[in-house]
Every structure is written in structure tokens, then in C-alpha cells.
Amino acid sequence: MNLTPWQGGKTGLRNALIAAVGGLGLTAVGAFVDPRRAAFSYLVAFTTWCAVAVASLILLAASAKWPVVARRFMVHLPSTIVLFAVLFVPVWLARGSLFIWVSPPAGLDPVMEHAIHHKHPYLNTAFFT
């Protein structure tokens, strides 16, 4: 049996690239219209897809037997973790509007202010750098 290499995938790759560029454009528009809401939306999307990549890495490292059908797909997902390091940059740049403990506002509730002060040893940007 003489099989030729698979030559397909160009249409799917082009469509994925168009969707990615369109999504990036819509994210940029959202960042201009409402930066805080766009940052939260980006954080949700980033966390979701990063969790999928990390979970597939854990399942592969644990040599799980149940995901036999999805194994070929899951083998390639951990390679995207490097991409998530680059995609984390917008989260880091928007940390002031995402997390209240980065720069607490002046008129904050005293209970919340006490909680932020109590958690300051690990809730600060220097802890994560």
C-alpha cells in the first residue's frame, strides 16, 4: 500500500487565522470601548484555554489510560503552554484594573481594606515576579 502524505489543512488553517485576527480586532475594539470589561473577558478566555493545556499535560504525565481516543490531540496541547507565556503579557499589563489589591482605591470599605492589608505578604506584584 503506497500512501501519499496528507496535503490538506490549508483551508482550516486559513479559517483559523482569519478567526484569530478577527477576535484580536474585536478585543482591541473592546479595549477602547471599555478597557476593564475587555481585560476581564481576556482573563476568562486566557484562564480557560491555559487550563485546557495544563490539564492535558497533567493527564499525559500521569499516563492516564481513559483518554485513549483524545490522546493524539492531547499530545500537542502542552506545546501551547509556551504561547500562553506570551499571551500572559496583557493580563500583566491590565493587573491594576483586574485585581483590586494591586492599587486599592481610596474610599474602600474598611473590611475589604483590612483583608487586603492582611493578605499583603502574598498579594503584591513583587511576590509574583
# chains A, B, ... in the order shown; residues from 1 in each chain; ligands from 1
$ select_by_dssp --residues "chain A" --states "helix (DSSP H, G or I)" --output "PyMOL selection string"
chain A and resi 10-33+35-61+71-87+89-93+95-98+110-118
$ closest_atom_pairs --of "region 8-104 of chain A" --to "region 110-126 of chain A" --cutoff "12 Å" --atoms "only C-alpha atoms" --output "Markdown table"
| residue | atom | partner | partner_atom | distance |
| --- | --- | --- | --- | --- |
| A:Trp92 | CA | A:Thr125 | CA | 9.5 |
| A:Leu93 | CA | A:Thr125 | CA | 11.5 |
| A:Arg95 | CA | A:Thr125 | CA | 9.0 |
| A:Gly96 | CA | A:Thr125 | CA | 10.0 |
| A:Phe99 | CA | A:Leu123 | CA | 9.6 |
| A:Ile100 | CA | A:Ile116 | CA | 8.6 |
| A:Trp101 | CA | A:Ile116 | CA | 6.1 |
| A:Val102 | CA | A:Asn124 | CA | 6.4 |
| A:Ser103 | CA | A:Asn124 | CA | 9.4 |
| A:Pro104 | CA | A:Glu113 | CA | 7.8 |
$ write_last_selection --atoms "N, CA, C and O atoms" --output "PDB file, in the first residue's frame"
ATOM      1  N   TRP A  92      -0.829  40.850  32.625  1.00  0.00           N
ATOM      2  CA  TRP A  92       0.118  41.558  33.493  1.00  0.00           C
ATOM      3  C   TRP A  92      -0.011  43.072  33.328  1.00  0.00           C
ATOM      4  O   TRP A  92       0.044  43.817  34.311  1.00  0.00           O
ATOM      5  N   LEU A  93      -0.218  43.525  32.105  1.00  0.00           N
ATOM      6  CA  LEU A  93      -0.353  44.966  31.878  1.00  0.00           C
ATOM      7  C   LEU A  93      -1.661  45.517  32.443  1.00  0.00           C
ATOM      8  O   LEU A  93      -1.720  46.671  32.855  1.00  0.00           O
ATOM      9  N   ARG A  95      -3.196  44.388  35.144  1.00  0.00           N
ATOM     10  CA  ARG A  95      -3.360  43.898  36.527  1.00  0.00           C
ATOM     11  C   ARG A  95      -3.978  44.939  37.449  1.00  0.00           C
ATOM     12  O   ARG A  95      -4.679  44.605  38.391  1.00  0.00           O
ATOM     13  N   GLY A  96      -3.768  46.218  37.182  1.00  0.00           N
ATOM     14  CA  GLY A  96      -4.334  47.265  38.029  1.00  0.00           C
ATOM     15  C   GLY A  96      -5.857  47.329  37.965  1.00  0.00           C
ATOM     16  O   GLY A  96      -6.510  47.614  38.965  1.00  0.00           O
ATOM     17  N   PHE A  99      -7.267  43.319  39.363  1.00  0.00           N
ATOM     18  CA  PHE A  99      -7.143  42.904  40.761  1.00  0.00           C
ATOM     19  C   PHE A  99      -7.123  44.138  41.665  1.00  0.00           C
ATOM     20  O   PHE A  99      -6.264  45.001  41.536  1.00  0.00           O
ATOM     21  N   ILE A 100      -8.044  44.183  42.605  1.00  0.00           N
ATOM     22  CA  ILE A 100      -8.197  45.363  43.458  1.00  0.00           C
ATOM     23  C   ILE A 100      -7.007  45.545  44.402  1.00  0.00           C
ATOM     24  O   ILE A 100      -6.691  46.652  44.823  1.00  0.00           O
ATOM     25  N   TRP A 101      -6.304  44.451  44.711  1.00  0.00           N
ATOM     26  CA  TRP A 101      -5.205  44.533  45.666  1.00  0.00           C
ATOM     27  C   TRP A 101      -3.949  45.149  45.068  1.00  0.00           C
ATOM     28  O   TRP A 101      -3.024  45.488  45.792  1.00  0.00           O
ATOM     29  N   VAL A 102      -3.885  45.328  43.747  1.00  0.00           N
ATOM     30  CA  VAL A 102      -2.711  45.941  43.133  1.00  0.00           C
ATOM     31  C   VAL A 102      -2.622  47.413  43.507  1.00  0.00           C
ATOM     32  O   VAL A 102      -1.567  47.898  43.914  1.00  0.00           O
ATOM     33  N   SER A 103      -3.722  48.118  43.394  1.00  0.00           N
ATOM     34  CA  SER A 103      -3.771  49.523  43.809  1.00  0.00           C
ATOM     35  C   SER A 103      -5.159  49.799  44.386  1.00  0.00           C
ATOM     36  O   SER A 103      -6.069  50.186  43.656  1.00  0.00           O
ATOM     37  N   PRO A 104      -5.330  49.566  45.692  1.00  0.00           N
ATOM     38  CA  PRO A 104      -6.649  49.755  46.303  1.00  0.00           C
ATOM     39  C   PRO A 104      -7.107  51.216  46.209  1.00  0.00           C
ATOM     40  O   PRO A 104      -6.322  52.134  46.424  1.00  0.00           O
TER      41      PRO A 104
END
$ residues_around --residues "Pro35 (chain A)" --least-positions-apart "5" --cutoff "12 Å" --atoms "only C-alpha atoms" --output "PyMOL selection string"
chain A and resi 27-30+40-42+90-91+93-98
$ atom_distance --atom1 "CA of Ile58 (chain A)" --atom2 "CA of Ser79 (chain A)"
12.7 Å
